[in-house]
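Dumped entry.cif below, it's mmCIF, C-alpha atoms:
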```cif
data_start
loop_
_atom_site.label_atom_id
_atom_site.label_comp_id
_atom_site.auth_asym_id
_atom_site.auth_seq_id
_atom_site.Cartn_x
_atom_site.Cartn_y
_atom_site.Cartn_z
CA MET A 15 -55.84 -15.70 13.92
CA SER A 16 -57.08 -16.01 17.49
CA ALA A 17 -54.43 -15.58 20.14
CA ILE A 18 -56.50 -17.55 22.68
CA SER A 19 -56.69 -20.97 21.03
CA PRO A 20 -54.11 -21.72 18.33
CA ALA A 21 -55.18 -23.85 15.43
CA PRO A 22 -54.20 -27.53 15.72
CA ASP A 23 -52.02 -27.26 12.62
CA THR A 24 -50.07 -24.21 13.85
CA VAL A 25 -46.39 -24.48 12.94
CA ASP A 26 -43.74 -23.30 15.40
CA LEU A 27 -41.57 -21.56 12.82
CA ASP A 28 -39.30 -20.04 15.46
CA ALA A 29 -38.32 -23.51 16.66
CA VAL A 30 -37.73 -24.69 13.10
CA LYS A 31 -35.51 -21.71 12.30
CA ALA A 32 -33.62 -22.04 15.58
CA VAL A 33 -32.71 -25.69 15.01
CA ALA A 34 -31.98 -25.22 11.30
CA GLY A 35 -29.93 -22.09 11.92
CA SER A 36 -27.77 -23.69 14.60
CA VAL A 37 -27.06 -26.73 12.40
CA HIS A 38 -26.31 -24.52 9.38
CA ARG A 39 -23.89 -22.32 11.33
CA ALA A 40 -22.11 -25.34 12.81
CA VAL A 41 -21.61 -27.01 9.43
CA ALA A 42 -20.57 -23.71 7.82
CA THR A 43 -17.61 -23.48 10.23
CA VAL A 44 -16.25 -26.62 8.57
CA ILE A 45 -17.36 -26.13 4.95
CA GLU A 46 -15.92 -22.81 3.80
CA GLY A 47 -17.80 -20.76 1.19
CA LYS A 48 -20.42 -23.37 0.29
CA ASP A 49 -23.52 -21.84 1.81
CA GLU A 50 -25.86 -23.17 -0.89
CA ALA A 51 -24.66 -26.75 -0.44
CA VAL A 52 -25.02 -26.49 3.35
CA SER A 53 -28.53 -25.00 2.99
CA THR A 54 -29.60 -27.84 0.70
CA ALA A 55 -28.24 -30.42 3.14
CA VAL A 56 -30.18 -28.89 6.05
CA THR A 57 -33.32 -28.63 3.89
CA VAL A 58 -33.08 -32.32 2.96
CA LEU A 59 -32.58 -33.26 6.62
CA LEU A 60 -35.73 -31.41 7.70
CA ALA A 61 -37.70 -32.65 4.68
CA GLU A 62 -36.93 -36.23 5.79
CA GLY A 63 -35.08 -37.04 2.60
CA HIS A 64 -31.67 -38.37 1.58
CA LEU A 65 -28.78 -36.55 -0.06
CA LEU A 66 -26.37 -37.57 -2.83
CA VAL A 67 -23.18 -35.49 -3.00
CA GLU A 68 -21.50 -35.93 -6.37
CA ASP A 69 -18.22 -34.26 -7.27
CA VAL A 70 -14.51 -34.70 -7.89
CA PRO A 71 -12.20 -35.79 -5.04
CA GLY A 72 -11.01 -33.35 -2.42
CA VAL A 73 -13.77 -30.73 -2.51
CA GLY A 74 -15.38 -31.64 0.82
CA LYS A 75 -18.07 -34.21 -0.02
CA THR A 76 -17.35 -36.48 2.93
CA MET A 77 -16.52 -33.51 5.17
CA LEU A 78 -20.00 -32.08 4.57
CA ALA A 79 -21.61 -35.37 5.50
CA LYS A 80 -19.48 -35.79 8.63
CA ALA A 81 -20.04 -32.19 9.72
CA LEU A 82 -23.82 -32.49 9.44
CA ALA A 83 -23.70 -35.75 11.39
CA ARG A 84 -21.55 -34.22 14.15
CA ALA A 85 -23.83 -31.19 14.49
CA ILE A 86 -26.61 -33.48 15.70
CA ASP A 87 -26.31 -35.43 18.95
CA CYS A 88 -27.45 -38.72 17.49
CA ARG A 89 -26.31 -42.14 16.32
CA VAL A 90 -23.98 -41.86 13.33
CA SER A 91 -22.41 -44.55 11.20
CA ARG A 92 -20.00 -44.37 8.28
CA VAL A 93 -19.77 -47.01 5.56
CA GLN A 94 -16.90 -47.11 3.09
CA PHE A 95 -18.46 -48.69 0.01
CA THR A 96 -16.05 -51.14 -1.65
CA PRO A 97 -16.52 -53.96 -4.18
CA ASP A 98 -16.29 -56.60 -1.41
CA LEU A 99 -18.92 -54.94 0.82
CA LEU A 100 -21.85 -57.30 1.46
CA PRO A 101 -25.53 -56.37 1.88
CA SER A 102 -25.46 -57.89 5.38
CA ASP A 103 -22.68 -55.44 6.33
CA ILE A 104 -25.24 -52.69 5.86
CA THR A 105 -28.51 -54.24 7.04
CA GLY A 106 -27.28 -56.74 9.62
CA VAL A 107 -27.32 -60.51 9.90
CA SER A 108 -28.92 -63.25 12.00
CA VAL A 109 -26.31 -65.23 13.96
CA PHE A 110 -26.91 -68.48 15.81
CA ASN A 111 -26.24 -68.17 19.56
CA GLN A 112 -24.92 -71.43 20.99
CA ASP A 113 -25.92 -70.48 24.54
CA THR A 114 -29.55 -69.67 23.86
CA ARG A 115 -29.85 -72.12 20.94
CA ALA A 116 -31.58 -69.41 18.91
CA PHE A 117 -30.76 -66.93 16.16
CA GLU A 118 -29.99 -63.36 17.20
CA PHE A 119 -30.09 -60.36 14.91
CA ARG A 120 -26.94 -58.26 14.85
CA ARG A 121 -27.68 -54.81 13.50
CA GLY A 122 -25.71 -53.40 10.61
CA ALA A 123 -24.47 -49.90 9.91
CA ILE A 124 -27.86 -48.75 8.62
CA PHE A 125 -29.21 -48.61 12.19
CA ALA A 126 -28.24 -45.00 12.84
CA ASN A 127 -29.84 -41.58 12.54
CA VAL A 128 -27.26 -40.35 10.04
CA VAL A 129 -25.60 -42.87 7.72
CA VAL A 130 -22.61 -41.55 5.77
CA GLY A 131 -21.96 -43.67 2.69
CA ASP A 132 -18.56 -42.96 1.11
CA GLU A 133 -18.22 -43.63 -2.63
CA ILE A 134 -21.49 -45.49 -2.92
CA ASN A 135 -20.87 -46.33 -6.58
CA ARG A 136 -17.88 -48.55 -5.68
CA ALA A 137 -20.14 -51.24 -4.21
CA SER A 138 -21.90 -53.85 -6.33
CA PRO A 139 -25.51 -53.28 -7.42
CA LYS A 140 -26.61 -56.05 -5.02
CA THR A 141 -25.07 -54.18 -2.08
CA GLN A 142 -26.45 -50.85 -3.27
CA SER A 143 -29.92 -52.39 -3.41
CA ALA A 144 -29.68 -53.19 0.31
CA LEU A 145 -30.34 -49.49 0.89
CA LEU A 146 -33.59 -49.34 -1.11
CA GLU A 147 -36.01 -50.54 1.56
CA SER A 148 -34.36 -48.56 4.34
CA MET A 149 -34.32 -45.31 2.36
CA GLU A 150 -37.92 -45.60 1.18
CA GLU A 151 -39.69 -47.22 4.14
CA ARG A 152 -37.23 -46.52 6.97
CA GLN A 153 -37.14 -50.17 7.92
CA VAL A 154 -35.05 -53.27 7.26
CA THR A 155 -36.32 -56.80 6.62
CA VAL A 156 -33.94 -59.68 7.36
CA ASP A 157 -35.00 -63.34 7.33
CA GLY A 158 -38.66 -62.34 7.21
CA GLN A 159 -38.40 -60.08 10.28
CA THR A 160 -38.89 -56.33 9.94
CA TYR A 161 -36.92 -53.87 12.08
CA ALA A 162 -37.75 -50.16 12.28
CA LEU A 163 -34.94 -47.65 11.83
CA PRO A 164 -34.41 -44.75 14.25
CA ARG A 165 -35.90 -41.32 13.54
CA PRO A 166 -34.79 -39.02 12.12
CA PHE A 167 -33.08 -41.08 9.44
CA LEU A 168 -30.83 -39.60 6.78
CA VAL A 169 -28.54 -41.27 4.25
CA MET A 170 -25.82 -38.98 2.89
CA ALA A 171 -23.90 -40.71 0.11
CA THR A 172 -20.96 -39.46 -1.92
CA GLN A 173 -19.72 -40.52 -5.31
CA ASN A 174 -16.98 -39.46 -7.70
CA PRO A 175 -18.34 -39.03 -11.26
CA ILE A 176 -14.89 -38.67 -12.83
CA GLU A 177 -12.90 -41.72 -11.72
CA MET A 178 -15.25 -44.40 -13.04
CA GLU A 179 -12.86 -47.38 -13.26
CA GLY A 180 -14.01 -50.11 -10.89
CA THR A 181 -17.34 -48.43 -10.15
CA TYR A 182 -20.95 -49.40 -10.69
CA PRO A 183 -23.32 -46.68 -11.92
CA LEU A 184 -26.23 -46.09 -9.55
CA PRO A 185 -29.40 -47.67 -10.96
CA GLU A 186 -32.28 -45.28 -11.61
CA ALA A 187 -34.30 -46.85 -8.78
CA GLN A 188 -31.46 -46.03 -6.38
CA ARG A 189 -30.99 -42.45 -7.63
CA ASP A 190 -34.72 -41.86 -7.32
CA ARG A 191 -34.51 -42.59 -3.57
CA PHE A 192 -32.29 -39.56 -3.04
CA MET A 193 -34.34 -36.43 -2.49
CA ALA A 194 -31.59 -34.18 -3.81
CA ARG A 195 -28.22 -34.27 -5.50
CA ILE A 196 -25.65 -31.53 -5.10
CA SER A 197 -22.15 -30.81 -6.34
CA MET A 198 -19.72 -29.02 -4.08
CA GLY A 199 -17.51 -27.41 -6.73
CA TYR A 200 -14.17 -25.80 -6.09
CA PRO A 201 -14.11 -23.04 -3.46
CA ALA A 202 -13.55 -19.41 -4.33
CA ALA A 203 -10.00 -18.13 -3.86
CA ALA A 204 -10.87 -16.26 -0.65
CA SER A 205 -12.61 -19.31 0.84
CA GLU A 206 -9.70 -21.55 -0.09
CA MET A 207 -7.26 -19.12 1.54
CA ALA A 208 -9.39 -19.05 4.71
CA MET A 209 -9.47 -22.85 4.69
CA LEU A 210 -5.68 -23.04 4.49
CA GLU A 211 -5.32 -20.59 7.36
CA THR A 212 -7.85 -22.15 9.73
CA HIS A 213 -7.78 -25.84 8.79
CA GLY A 214 -4.15 -26.30 7.81
CA ALA A 215 -2.94 -27.62 11.18
CA VAL A 216 -5.91 -29.58 12.54
CA SER A 217 -9.08 -31.13 11.18
CA PRO A 218 -12.00 -28.68 11.37
CA LEU A 219 -14.18 -31.49 12.68
CA GLU A 220 -12.20 -31.59 15.93
CA GLY A 221 -13.74 -28.33 17.11
CA LEU A 222 -17.28 -29.17 16.02
CA SER A 223 -19.70 -30.30 18.71
CA ALA A 224 -23.39 -31.13 18.59
CA VAL A 225 -25.74 -28.15 18.56
CA THR A 226 -29.04 -30.04 18.65
CA THR A 227 -30.44 -33.49 19.33
CA ALA A 228 -32.14 -36.13 17.24
CA ALA A 229 -35.37 -35.52 19.17
CA ASP A 230 -35.28 -31.79 18.36
CA VAL A 231 -34.69 -32.49 14.67
CA GLN A 232 -37.56 -34.98 14.58
CA GLN A 233 -39.84 -32.44 16.26
CA GLN A 234 -39.06 -29.87 13.56
CA ILE A 235 -39.71 -32.48 10.86
CA GLU A 236 -43.16 -32.98 12.38
CA ASN A 237 -43.60 -29.19 12.49
CA ILE A 238 -42.77 -28.79 8.81
CA ARG A 239 -45.22 -31.49 7.78
CA ARG A 240 -48.03 -29.18 8.90
CA LEU A 241 -47.15 -26.37 6.50
CA HIS A 242 -50.03 -25.39 4.22
CA ILE A 243 -49.82 -26.27 0.53
CA SER A 244 -52.58 -24.89 -1.69
CA ALA A 245 -54.35 -26.88 -4.40
CA ALA A 246 -52.95 -24.46 -7.00
CA LEU A 247 -49.40 -25.20 -5.88
CA ARG A 248 -49.97 -28.94 -6.04
CA GLN A 249 -51.30 -28.41 -9.57
CA TYR A 250 -48.12 -26.50 -10.40
CA VAL A 251 -46.00 -29.47 -9.31
CA VAL A 252 -48.14 -31.84 -11.41
CA GLU A 253 -47.64 -29.61 -14.45
CA LEU A 254 -43.88 -29.51 -13.90
CA MET A 255 -43.79 -33.32 -13.77
CA ALA A 256 -45.88 -33.56 -16.95
CA ALA A 257 -43.65 -31.05 -18.73
CA SER A 258 -40.56 -33.12 -17.89
CA ARG A 259 -42.13 -36.22 -19.43
CA ALA A 260 -42.95 -34.35 -22.64
CA HIS A 261 -39.66 -32.44 -22.99
CA ARG A 262 -37.93 -33.22 -26.29
CA LEU A 263 -34.48 -33.33 -24.64
CA LEU A 264 -35.48 -35.89 -22.01
CA ARG A 265 -35.97 -39.59 -22.68
CA LEU A 266 -37.07 -40.17 -19.09
CA GLY A 267 -39.06 -37.57 -17.19
CA ALA A 268 -39.65 -37.16 -13.48
CA SER A 269 -41.52 -39.90 -11.62
CA PRO A 270 -44.51 -39.42 -9.30
CA ARG A 271 -42.08 -39.96 -6.42
CA ALA A 272 -40.10 -36.99 -7.72
CA GLY A 273 -43.21 -34.82 -7.41
CA LEU A 274 -43.71 -35.88 -3.81
CA GLN A 275 -40.07 -35.23 -2.98
CA LEU A 276 -40.20 -31.84 -4.69
CA LEU A 277 -43.20 -30.84 -2.59
CA ARG A 278 -41.57 -32.01 0.65
CA ALA A 279 -38.36 -30.13 -0.11
CA ALA A 280 -40.35 -27.00 -1.01
CA ARG A 281 -42.22 -27.26 2.29
CA ALA A 282 -38.96 -27.40 4.24
CA HIS A 283 -37.54 -24.50 2.22
CA ALA A 284 -40.60 -22.39 3.05
CA ALA A 285 -40.29 -23.17 6.76
CA LEU A 286 -36.61 -22.20 6.77
CA ALA A 287 -37.62 -18.92 5.12
CA GLY A 288 -40.01 -18.29 8.02
CA ARG A 289 -43.29 -18.89 6.18
CA ASP A 290 -46.13 -21.20 7.24
CA HIS A 291 -47.18 -21.78 3.62
CA VAL A 292 -45.41 -22.83 0.43
CA LEU A 293 -44.98 -20.51 -2.56
CA PRO A 294 -44.07 -21.34 -6.18
CA GLU A 295 -40.70 -19.72 -5.49
CA ASP A 296 -39.95 -22.47 -2.99
CA VAL A 297 -40.63 -25.12 -5.62
CA GLN A 298 -38.50 -23.28 -8.18
CA THR A 299 -35.57 -22.93 -5.77
CA VAL A 300 -35.32 -26.65 -4.97
CA ALA A 301 -36.29 -27.92 -8.45
CA VAL A 302 -32.75 -28.41 -9.81
CA PRO A 303 -31.25 -30.37 -6.87
CA VAL A 304 -34.43 -32.47 -6.54
CA LEU A 305 -35.13 -33.23 -10.20
CA ALA A 306 -31.88 -33.07 -12.20
CA HIS A 307 -30.58 -36.50 -11.09
CA ARG A 308 -33.94 -38.21 -11.73
CA VAL A 309 -34.30 -37.41 -15.44
CA LEU A 310 -32.32 -38.81 -18.38
CA PRO A 311 -31.24 -36.67 -21.36
CA THR A 312 -31.64 -37.72 -24.98
CA GLY A 313 -28.74 -38.14 -27.38
CA GLU A 314 -29.66 -34.78 -28.85
CA ALA A 315 -29.20 -33.12 -25.47
CA SER A 316 -25.80 -34.76 -25.02
CA LEU A 317 -24.66 -33.62 -28.46
CA ALA A 318 -25.82 -30.09 -27.66
CA HIS A 319 -23.98 -30.24 -24.31
CA ARG A 320 -27.21 -29.59 -22.42
CA GLY A 321 -27.02 -31.01 -18.92
CA THR A 322 -30.07 -32.07 -16.94
CA GLU A 323 -29.61 -29.05 -14.65
CA ASP A 324 -30.04 -26.72 -17.64
CA ILE A 325 -33.08 -28.67 -18.84
CA VAL A 326 -34.76 -28.51 -15.43
CA ARG A 327 -34.17 -24.75 -15.28
CA ASP A 328 -35.75 -24.51 -18.70
CA LEU A 329 -38.76 -26.48 -17.47
CA VAL A 330 -39.19 -24.14 -14.51
CA GLU A 331 -39.00 -21.05 -16.75
CA ARG A 332 -41.49 -22.42 -19.28
CA THR A 333 -44.10 -23.82 -16.88
CA ALA A 334 -46.63 -21.16 -15.93
CA VAL A 335 -47.49 -20.62 -12.30
CA PRO A 336 -51.22 -21.40 -11.82
CA SER A 337 -53.50 -18.60 -10.68
CA GLY A 338 -54.69 -18.71 -7.08
CA ARG A 339 -51.20 -19.49 -5.77
#
```
Would you put the structure from the file into structure tokens?
Amino acid sequence: MSAISPAPDTVDLDAVKAVAGSVHRAVATVIEGKDEAVSTAVTVLLAEGHLLVEDVPGVGKTMLAKALARAIDCRVSRVQFTPDLLPSDITGVSVFNQDTRAFEFRRGAIFANVVVGDEINRASPKTQSALLESMEERQVTVDGQTYALPRPFLVMATQNPIEMEGTYPLPEAQRDRFMARISMGYPAAASEMAMLETHGAVSPLEGLSAVTTAADVQQQIENIRRLHISAALRQYVVELMAASRAHRLLRLGASPRAGLQLLRAARAHAALAGRDHVLPEDVQTVAVPVLAHRVLPTGEASLAHRGTEDIVRDLVERTAVPSGR
């Protein structure tokens, strides 16, 4: 590569790693012993996706979302999803102004860089659907008028899969909008002891301050978009998608959107690893969090106690990596 005139698609990997590393370290001071979950959250942020955190109460789902939001100096909003929450509470509403004799649009909670949605499955399907346009197109349409959302834009939603009374399961169209789903899990004994020692008196969020800005994050998103992806790797992703649709333990395979999201997440993973190109290993690493919540198991899989995470791992192991990677 010439040192005189860099190529127009040169990626500043040092800048990407600096921003990602500072955010990761900041969040890790709050979330003890969950490095993989923090890494996935940062990857989704830089891949311009959305994250669904699904687990039992008390393991740090909301804390992860709040910590990531606080690590970035940007607009943050938090929505507690409840059965009486209205779509207009999220998107905004047009209100008639008596002084100007005209309608004015009052922005809802969705107009932020990081939107934390607590217990998303407690809101009605109609309210959940208010997120679809914003998550996919990063815009909101109210009364025929379209409003762009700020960049970067990330929705981090939590849900409790155990306590299902009074909840509404997320429709497949909604789940498909989330780039990745993660589970926090219980901490190891040492991490739990450290948490009790350091976080027992005060909230760990109190000592967390912003380590980067929204503009810096958006710049690294633009950087990552320029990472090289070979034709062979794109073919590999296509074959993974096809294998999911033909798998005997899946009654619904991965959608074309899933393939796009998988490629974007793999690109971000490669950048965080310090590479300006994507390898099959990047795809394989992010495959479970990106694909497992988008596919549906058959009755046979349920009887055999095979979860979608196991099935996706099986797909990755069985699908050959194309030559010319």
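One finds CA of Arg191 (chain A) at 19.4 Å from CA of Gln94 (chain A).
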Checklist line | Residues selected by the PyMOL selection byres ((chain A and resi 232-240) around 7), written as a list in words | finding: Asp23, Val25, Asp26, Val30, Leu60, Ala61, Glu62, Arg165, Pro166, Ala228, Ala229, Asp230, Val231, Leu241, His242, Arg281, Ala282 and Ala285 of chain A
Item checked: Residue with smallest distance to Val330 (chain A) - pool A:Asn174, A:Ser205, A:Ser316, A:Thr299, counting only C-alpha atoms ->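 The closest residue to Val330 (chain A) is A:Thr299.
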Checklist line | Output check: residues returned by the PyMOL selection byres ((chain A and resi 170) around 8), as a ChimeraX atom specification | finding: /A:64-67,79,128-131,168-169,171-172
Next item on the list: Measuring atom to atom with only C-alpha atoms, identify which of A:Glu68, A:Glu46, A:Asp190, A:Glu150 is nearest to Gln173 (chain A).
Entry: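 The answer is A:Glu68, which sits nearest to Gln173 (chain A).
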Note to self: Which residues would end up in the selection if the PyMOL selection byres ((chain A and resi 38-40) around 10) were applied here, given that I need the answer as a list in words?
What the structure shows: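 On this input, the PyMOL selection byres ((chain A and resi 38-40) around 10) captures Ala32, Val33, Ala34, Gly35, Ser36, Val37, Val41, Ala42, Thr43, Val44, Ile45, Asp49, Val52, Ser53, Thr54, Ala55, Val56, Thr57, Ala81, Leu82, Arg84, Ala85, Ile86, Gly221, Leu222, Ser223, Ala224 and Val225 of chain A.
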